[in-house]
Structure formats: structure tokens, C-alpha cells
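Participant: Structure provided below as C-alpha cells; questions to follow.
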There are 2 protein chains.
Amino acid sequence: MFQLLRDGKPRTRSELAVLTGQARSTIATRIDILEQLGLIASVGEASSTGGRPPATFAFNPLARVVIGVDLGAAHARIAITDLSASVIEIHDESLHIADGPKVVLDRVVEICHNLLARSGRAVSDLAAIGLGVPGPVEHSTGRPIAPPIMPGWDGFDVPGYVGRHFNVPVLVDNDVNLMAVGEYRTAWEDHDNMLFIKVATGIGSGIILDGALRRGAQGAAGDIGHIVLSDHSDVPCDCGNFGCLEAVAGGAAVARALEGTVKVPAGASLAAQGATAVVDAVREGSIEARTAVRDAGRSIGTVAAACVSMLNPSLIVVGGALVGAGEQLMAGMRESLYQRSLPLATQHLRVVTSQAKERAGILGGAYLAIDHVLSAEAIDAMNE
Amino acid sequence: MFQLLRDGKPRTRSELAVLTGQARSTIATRIDILEQLGLIASVGEASSTGGRPPATFAFNPLARVVIGVDLGAAHARIAITDLSASVIEIHDESLHIADGPKVVLDRVVEICHNLLARSGRAVSDLAAIGLGVPGPVEHSTGRPIAPPIMPGWDGFDVPGYVGRHFNVPVLVDNDVNLMAVGEYRTAWEDHDNMLFIKVATGIGSGIILDGALRRGAQGAAGDIGHIVLSDHSDVPCDCGNFGCLEAVAGGAAVARALEGTVKVPAGASLAAQGATAVVDAVREGSIEARTAVRDAGRSIGTVAAACVSMLNPSLIVVGGALVGAGEQLMAGMRESLYQRSLPLATQHLRVVTSQAKERAGILGGAYLAIDHVLSAEAIDAMNE
């Protein structure tokens, strides 16, 4: 019954009984419990044909708060939201994942406390935290597994370390998975089968099928950055293989290829700045940069075509810093995507850029946290 | 409660109350209803510490029957099973899908009647039919959509045409999807994330993620036969594109490539016989055929590696006629699969051949039918 009310619409006891098929007495008991938990509130009276008008109840998203944390290679973005994922306060800073889990997570905890204070909420108001990291995460334990750009994090108990400061559940996931969830839930909820592709310094994806994030057997699903492009088998990748999509079309690879051909301020290095430098070069009108981005788009489109054949999504959302380079990336991508796919799979396919943009990750984290605390099982448990 | 009993284990009312968390009175009512429907039966008494021993109840899979239908390009395989998918009677014959829906489905209906008669069951005992066809199917309507090797079937109302003869639900799906379900449910239920690849005259796959078949937006997910191999971009495919996996490594393609180099009986054509001819040639010791099959395996492994990066399955099951060619196919496949995948994704990955073999499709059809009629909603509806 509560899951029904999460849409925010107020309803009477009778309406809830009809919608759920449950007895009026059961509904009345559930409502009492949810009111005591603060999760729903009486919001006035329905119009009535006579007699005392019946009370209406609605979800109260401000009952508790959650925090969404998005950790990248060199940034932290953290937001506190209500139970409908509306952002209350947000904080951004540069933070280097390579400094190791203790340094990074201590700072994350500090920011969480600050955000709670700024929004005037007590620690006891916090219901859960959803946290994304730039590497693979074992879903069942929330521990990063062999993450290539996160030295010191392999197997680290992130939920335990963060959770002990707040005594709440901490859900940890790959950052691109969270971006996929954030994008899906805020902008595309009618596309139950969608693929989110992040094109930044690296390349990754998050897969939504039948309305839920699919993580695969060990949480590594969506790792398209290391799909091999046979026609680039001379390009070495950091992973030890050759011709990986990320090594050909990631922001770092494109920047490296442009080094020397694109003018940069004295002392600056394109390669070190990755996707940002490429976007800047395109914006400054560099033809070399535009061509390189278009080429990168074509390579991404080749892999996207394979994804489309395999998953038959109705939507591909492209996000990440390289999207800032403008239409060249999307044009290159669509070009090879449509060339390499069956008409059946692409006739209703939309290929768009991210709507949630840089907030996709924190919103995904917030949704992960909210879904966890408001699941039917969690509500039942609160009641015991 | 009923979903619990579907494992076949007998339980008492008290045990069911504990396991479901429902009130004993609710359980007692549900048991009465399910007994009246014949779906469960009292199967004796539990041992007791004193007083009257409590009755135990178990699922009665013989209460109804379902039929699984597997239609290929040139064959029909049809089985009648009980509600636990145990085969009661089975029938095999050659039947050409290209003869069109009415000819084919009229014959299917006739065989269904024969199977009911042979197993001594009335038409009213039939609960549902699960039917696989060799082409894409729109999941919501059960209609084939633009199926390349099924002239006359595009948009045909298969559920309506077959269902009217028996007045039961008819679930229609792609044949490889059904094989994936049959394989998963009968042999690999501990692998909730698995990929089934069929390598026969054509190539296709079925995707199980989080324990359920994933069909994508229009039912076309798993269509890996048309993923393009960049290093074979000179090979034309029936679909109008170049370099498709199926055009390079399908049984028909391999047979065509062997034409002229492998000895065949006078008047026979390898190409026309597809996968079967290739398997025969390998069994007769042809080195050319073995090399060609190994090469086909490598190409399939290239695409499988992309699937592994994308879906992170813990198991790949390979089925279809070309598996009969022996270890060369699997060896070639493993070779490029392991070469092109991240260690994280392959360290726990198993790559095996089909266990359900030629019965995978009919078993998948039976499970589709059974899941439909025994779903919680369907049971509730029977009760009204």
C-alpha cells in the first residue's frame, strides 16, 4: 500500500482498499503505523456526498533524509535529499580517489555532517547513504573489487567504514551504475529498457532492463570500456589488452592523440587533462579536435551497436564530460550505430544526451538509498 | 504461499505460517482453495510429539498439463508436461516454418490434440501453451515482427490462432529465448546471470539476468548474430549488412566456405544442409572442417567477450547443432573470449555446452506456460 502512495498523490482509506484489494481494516492498521513512522501524513479531507468527509493521506517525503555521494577520480559531489530525491543541499569539491579510502571517506563523512547541519536535520533523520565510486563494486558486500584507478580500495569495507559514523545502511555501487539510475528515475521512467553511456576520461555504461539496474554476477556489468575494437588492435590499453574502446575513444585517449596538434597554454599538457582539455579545444574551434571527437563517437557507436543488438533498449542516454564537446560526439556515434544495427532494433531507438547531467550520480545514489529504506521489507521491519 | 510449495516439499500448515509470516487462519483458507483447485494435495501426516499429527500438503504437479512447442526453420518438436515440466509425451517431425502460419499452426494444433490423447488427458486439463518460433516476437502481443526466415508470419496473431482451439493462454517467444529458459531452469538455476548462445545454421542468444529472461524493449534482445565483426567487413549477410557474426560463423556460412574442399556424396550440397553438414564433415575427420569450426568458434568468442564485458554473466551455455562438431568450437570460442575479456569478468566464468540439448526449447516453452498459470496473480484470479 505504501509503495502506491510513494507517487505523492493523496488518497482516502477507501481508495487505498480498492487499489490494493486489501480489507479496509488492514488498510486502517497500516495507515496508523505509517503515520506513527511519519512516512505518511493526513493532508486534508476529500469532498464527500454527505456525512463526515473522509481523510486523505499522502506520502511525506520530508519524514527522513538520505545522502547521495558521487566520487570520481578527482572530485566529490555530495547531496542531501528528501525521500522523493529532491535535493535540499549540495556540495562539490575536488577530492582524489587515489588518496585512499580512509582519507577520502573521512572527508566524505565530514561533508555529510556539514550537509545535515546546513539543512537543519539531525543525524537521526538520516535514513541511508548511497555512494558511487569510479570502479567495479561487489554488489553483495559494497566492497570495490580490483578497481584500476583506486589504489588502496581493493576489498575495502566502505559500508562498514562510513556506516559506523551514522548507524545507517550504506549502499555502494559503481559510479556509472548510479548515473544510469539517476538518469532513468528523474527523466526517462517510461523507458524500462535503457542504456546509459558515460564518455569522460574513461568510458563505461549502466544497464536498465525491465525497470531495474542490472549488475551481472559480480557487479561488473556495463563495463563496455574494455570491449575490443578489432580494427584498433594496435592501440594498447591500461588494462593490459589492445584495442579497448576506452583506449581508442576515451577522453584521455583523444587528448593524448591531440597532443602537439592542438595549441595549449605554455606548460599545459592536453593528455594530463583528459576529456576537459578536449572539450576546451573543440570550443576554441580546433578542427583537429572536432575530427578526433567525431572519430571517438564512431568507435563508441560501434560498441553501442553491439549493445543494441544484445539488449534491445528503447533509449541510449550519453553523459560524461566529453558530451560537452557538442554534437560531433553524438553525430559520430549515431553514424556507426545506425549503420551496424538491424532496422528492427533501431526503428524506435532514441539516442539522447543526459538530462540529469552532473547530478545524475548523486541522484542515483539518493534513489538507491531511498529504495532501500522504503522497500516493502524495510517498512515491515520498522514496524516490528 | 503456493510459490513456496512449488519446490515439491511437503509442509504442514504451521510450517507454512512460519515460512510466510502469514496468520494460521489465512494459511488454512489458502490451503482449502488450492486443494479445491487440485494444485496441492494432502500427502500424509508429519511426525508429532503428541496429540493428532498435523497434515502435510504438497504441490500436485499432475493437476494440469501444459504444452511446449519448439518450431525451427524445418522442424517441430512438441511435448506435453506436468506442472513441474516433467515430460509426459513428446513428438518430433519435420515441418517447414516457411509454409506460413496457417499450415504450420494447424499441424501444431493437431499434434497437441494427439499428445493430449496419448497421455490420457482431456483438453480441459490443458492450462497453457508456450511456443517458440525462429524469429523476433513482440512480447506483449506474441506476434512475430519482421522475422527474416518466416514468410507470412509478420504480425500474425499466433496466440489468437492457437488459443481459440484450446481456450488457454498461448505464450509466444523467440526460440532461443525459450532455449535459454529451458537450460536455466533445468540445469543451472544457481546461475542467475547467464547467457545462452545457440550456434546452428544461424546464431542467436538468450539472456538471463537476475533470474529472469530479459527481452529488451521489443523482444529482440539477444540478437547477437548481427553484431558486426570489423575484421570481416567484406562478408555480406542476408540482413543487408556486412560482417555480421552469423554471416561469418553460422553453420550455413561455415558450410558454404567448405563447399568444394570437403568431400560430400554425389549430388549433395554442403551449403544447403548448413550446420548438420559441417558436423558430419568434422566427424568424418575433415581437417578443413575442423579448422573452419575452430575459426567460427573464435569469431563467436569475440562477440561473446563483448557480451561478457557488458553483462558480466557467471555462465555461458552453448547449444545448437554446431556444438555437435565437438571441442573445436568451444576451444576457439574460449580462446578469443579469454583473450578479449577483463580478468575480473572471466575469473569465475564457466563456458559449457548445453545440458538440456534438443529439449531446451520445449522445456523453456513448458516453463513459460507453467510460470504464467501458476503466478500469484493467476492463482488469485482462479480463486475469484
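Residue names in the C-alpha cells use chain letters A, B, ... in the order shown, residue numbers from 1 in each chain, and ligand numbers from 1 in the order shown.
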Sort by chain and increasing residue number a table of all residues of chain A within 8 Å of chain B, each with its closest pair of atoms and their distance in Å to one decimal, counting only C-alpha atoms, and write it as a tab-separated table.
Facilitator:
```
residue	atom	partner	partner_atom	distance
A:Ala146	CA	B:Leu344	CA	7.6
A:Asp192	CA	B:Ala217	CA	7.4
A:Asn193	CA	B:Ala217	CA	5.6
A:Leu209	CA	B:Gly216	CA	6.6
A:Asp210	CA	B:Arg214	CA	7.3
A:Arg214	CA	B:Leu209	CA	7.0
A:Arg215	CA	B:Leu311	CA	7.4
A:Gly216	CA	B:Asn312	CA	4.7
A:Ala217	CA	B:Pro313	CA	5.4
A:Gln218	CA	B:Asn312	CA	6.9
A:Gly219	CA	B:Asn312	CA	7.4
A:Ala220	CA	B:Asn312	CA	5.7
A:Ala221	CA	B:Leu311	CA	4.5
A:Gly222	CA	B:Met310	CA	4.5
A:Asp223	CA	B:Ser309	CA	5.3
A:Ile224	CA	B:Met310	CA	5.7
A:His226	CA	B:Ser309	CA	7.0
A:Ile227	CA	B:Ala306	CA	5.3
A:Val228	CA	B:Arg340	CA	6.4
A:Leu229	CA	B:Ser230	CA	7.5
A:Ser230	CA	B:Ser230	CA	5.9
A:Asp231	CA	B:Ser230	CA	6.1
A:Cys239	CA	B:Leu342	CA	7.6
A:Asn241	CA	B:Arg340	CA	7.3
A:Ala305	CA	B:Ile227	CA	7.3
A:Ala306	CA	B:Ile227	CA	5.4
A:Cys307	CA	B:Met310	CA	7.6
A:Val308	CA	B:Ala221	CA	7.8
A:Ser309	CA	B:Asp223	CA	5.3
A:Met310	CA	B:Gly222	CA	4.5
A:Leu311	CA	B:Ala221	CA	4.4
A:Asn312	CA	B:Gly216	CA	4.7
A:Pro313	CA	B:Ala217	CA	5.4
A:Ser314	CA	B:Ala217	CA	5.6
A:Arg340	CA	B:Val228	CA	6.5
A:Ser341	CA	B:His226	CA	7.4
A:Leu342	CA	B:His226	CA	7.2
A:Leu344	CA	B:Ala146	CA	7.6
A:Ala345	CA	B:Ala220	CA	6.9
```
Participant: Just C-alpha atoms for this one: save the residues we selected as a CSV table (one decimal), in the first residue's frame.
Facilitator:
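File produced: selection-v2.csv:
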```
chain,number,residue,atom,x,y,z
A,146,ALA,CA,40.3,-4.7,-8.2
A,192,ASP,CA,12.2,0.5,-18.9
A,193,ASN,CA,15.0,-0.8,-21.1
A,209,LEU,CA,16.4,-3.7,-18.1
A,210,ASP,CA,12.7,-4.3,-17.1
A,214,ARG,CA,21.3,-5.0,-13.9
A,215,ARG,CA,24.7,-5.6,-12.3
A,216,GLY,CA,25.6,-9.1,-13.5
A,217,ALA,CA,27.1,-11.8,-11.5
A,218,GLN,CA,29.8,-9.7,-9.7
A,219,GLY,CA,28.6,-6.2,-10.2
A,220,ALA,CA,30.8,-5.6,-13.3
A,221,ALA,CA,28.0,-5.4,-15.9
A,222,GLY,CA,28.1,-2.4,-18.2
A,223,ASP,CA,31.9,-2.4,-18.4
A,224,ILE,CA,31.9,-1.5,-22.2
A,226,HIS,CA,37.1,-2.7,-22.4
A,227,ILE,CA,35.2,-4.2,-25.3
A,228,VAL,CA,37.8,-4.7,-28.0
A,229,LEU,CA,37.6,-3.0,-31.4
A,230,SER,CA,39.2,-5.3,-33.9
A,231,ASP,CA,40.2,-2.5,-36.2
A,239,CYS,CA,44.2,-2.9,-18.7
A,241,ASN,CA,45.0,-5.6,-23.6
A,305,ALA,CA,25.5,-1.1,-31.9
A,306,ALA,CA,26.6,-4.4,-30.3
A,307,CYS,CA,24.8,-3.3,-27.1
A,308,VAL,CA,21.7,-2.5,-29.1
A,309,SER,CA,21.8,-6.0,-30.8
A,310,MET,CA,22.3,-7.6,-27.4
A,311,LEU,CA,19.9,-5.6,-25.2
A,312,ASN,CA,17.3,-4.0,-27.5
A,313,PRO,CA,17.0,-0.8,-25.4
A,314,SER,CA,14.5,1.8,-26.5
A,340,ARG,CA,25.7,-1.5,-37.7
A,341,SER,CA,22.3,-2.3,-36.3
A,342,LEU,CA,19.3,-4.2,-37.6
A,344,LEU,CA,14.1,-3.7,-36.1
A,345,ALA,CA,16.3,-2.7,-33.2
```
Participant: Let's see if you can do this: from backbone DSSP, list all strand (DSSP E or B) residues in region 269-348 of chain B, as a list in words.
Facilitator: Leu315, Ile316, Val317, Val318 and Gly319 of chain B
Participant: With N, CA, C and O atoms retained, export the selected residues as an mmCIF file, in the first residue's frame.
Facilitator:
```
data_model
loop_
_atom_site.group_PDB
_atom_site.id
_atom_site.type_symbol
_atom_site.label_atom_id
_atom_site.label_comp_id
_atom_site.auth_asym_id
_atom_site.auth_seq_id
_atom_site.Cartn_x
_atom_site.Cartn_y
_atom_site.Cartn_z
ATOM 1 N N LEU B 315 28.020 -17.603 -16.298
ATOM 2 C CA LEU B 315 27.938 -18.826 -17.092
ATOM 3 C C LEU B 315 27.550 -18.496 -18.527
ATOM 4 O O LEU B 315 26.662 -17.676 -18.770
ATOM 5 N N ILE B 316 28.242 -19.149 -19.470
ATOM 6 C CA ILE B 316 27.791 -19.134 -20.859
ATOM 7 C C ILE B 316 27.508 -20.572 -21.262
ATOM 8 O O ILE B 316 28.373 -21.443 -21.115
ATOM 9 N N VAL B 317 26.293 -20.825 -21.726
ATOM 10 C CA VAL B 317 25.930 -22.159 -22.198
ATOM 11 C C VAL B 317 25.815 -22.096 -23.710
ATOM 12 O O VAL B 317 25.153 -21.210 -24.237
ATOM 13 N N VAL B 318 26.494 -23.012 -24.380
ATOM 14 C CA VAL B 318 26.467 -23.029 -25.842
ATOM 15 C C VAL B 318 25.671 -24.239 -26.309
ATOM 16 O O VAL B 318 25.948 -25.374 -25.909
ATOM 17 N N GLY B 319 24.659 -23.986 -27.123
ATOM 18 C CA GLY B 319 23.834 -25.060 -27.666
ATOM 19 C C GLY B 319 23.681 -24.901 -29.162
ATOM 20 O O GLY B 319 24.299 -24.026 -29.773
#
```
Participant: For Ala58 (chain A), list every protein, DNA or RNA residue within 7 Å, evaluated using only C-alpha atoms, and leave out those in the same chain fewer than 6 positions away; present the list as a list in words.
Facilitator: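 Those residues are Leu5, Gly8, Lys9, Pro10, Arg11, Ile40, Ala41, Ser42 and Val43 of chain A.
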Participant: Given only C-alpha atoms as the basis, pick out the residue of B:Arg359, B:Arg24, B:His165, B:Arg256 nearest to Val123 (chain B).
Facilitator: B:His165
Participant: Have a look at CA of Val248 (chain A) and CA of Gly152 (chain A) and let me know their distance in Å, one decimal.
Facilitator: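 Atom-to-atom, CA of Val248 (chain A) to CA of Gly152 (chain A), that is 27.3 Å.
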Participant: What is the distance, in Å and to one decimal place, between CA of Leu195 (chain B) and CA of Val351 (chain B)?
Facilitator: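 Spanning CA of Leu195 (chain B) to CA of Val351 (chain B) is a straight-line distance of 9.6 Å.
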Participant: Go through A:Phe2, A:Asp125, A:Gly365, A:Glu45 one by one, measure the shortest atom-to-atom distance of each to Arg30 (chain A) using only C-alpha atoms, and give the residue with the smallest value.
Facilitator: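 Residue with the minimum atom-to-atom distance to Arg30 (chain A): A:Phe2.
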Participant: What's the 10 Å shell around Pro148 (chain B), counting only C-alpha atoms, without same-chain residues fewer than 5 positions away, as a PyMOL selection string?
Facilitator: chain B and resi 134-136+153-154+238-239
Participant: Excluding same-chain residues fewer than 6 positions from Ser375 (chain B), what lies within 12 Å of it counting only C-alpha atoms, as a PyMOL selection string?
Facilitator: chain B and resi 1-4+6+367-369+381-382
Participant: Asp92 (chain A): which residues within 8 Å, counting only C-alpha atoms, same-chain residues fewer than 6 positions away excluded, as a list of chain:residue names?
Facilitator: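 Within the cut-off, the hits are A:His75, A:Ala76, A:Arg77, A:Ile78.
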Participant: Counting only C-alpha atoms, what is within 10 Å of Ile33 (chain A), bar same-chain residues fewer than 6 positions away, as a PyMOL selection string?
Facilitator: chain A and resi 27+39-40+379-380+382-383
Participant: For a test of reading the model, state the distance in Å between CA of Ala180 (chain A) and CA of Gly361 (chain A), rounded to one decimal.
Facilitator: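 Separation between CA of Ala180 (chain A) and CA of Gly361 (chain A): 7.8 Å.
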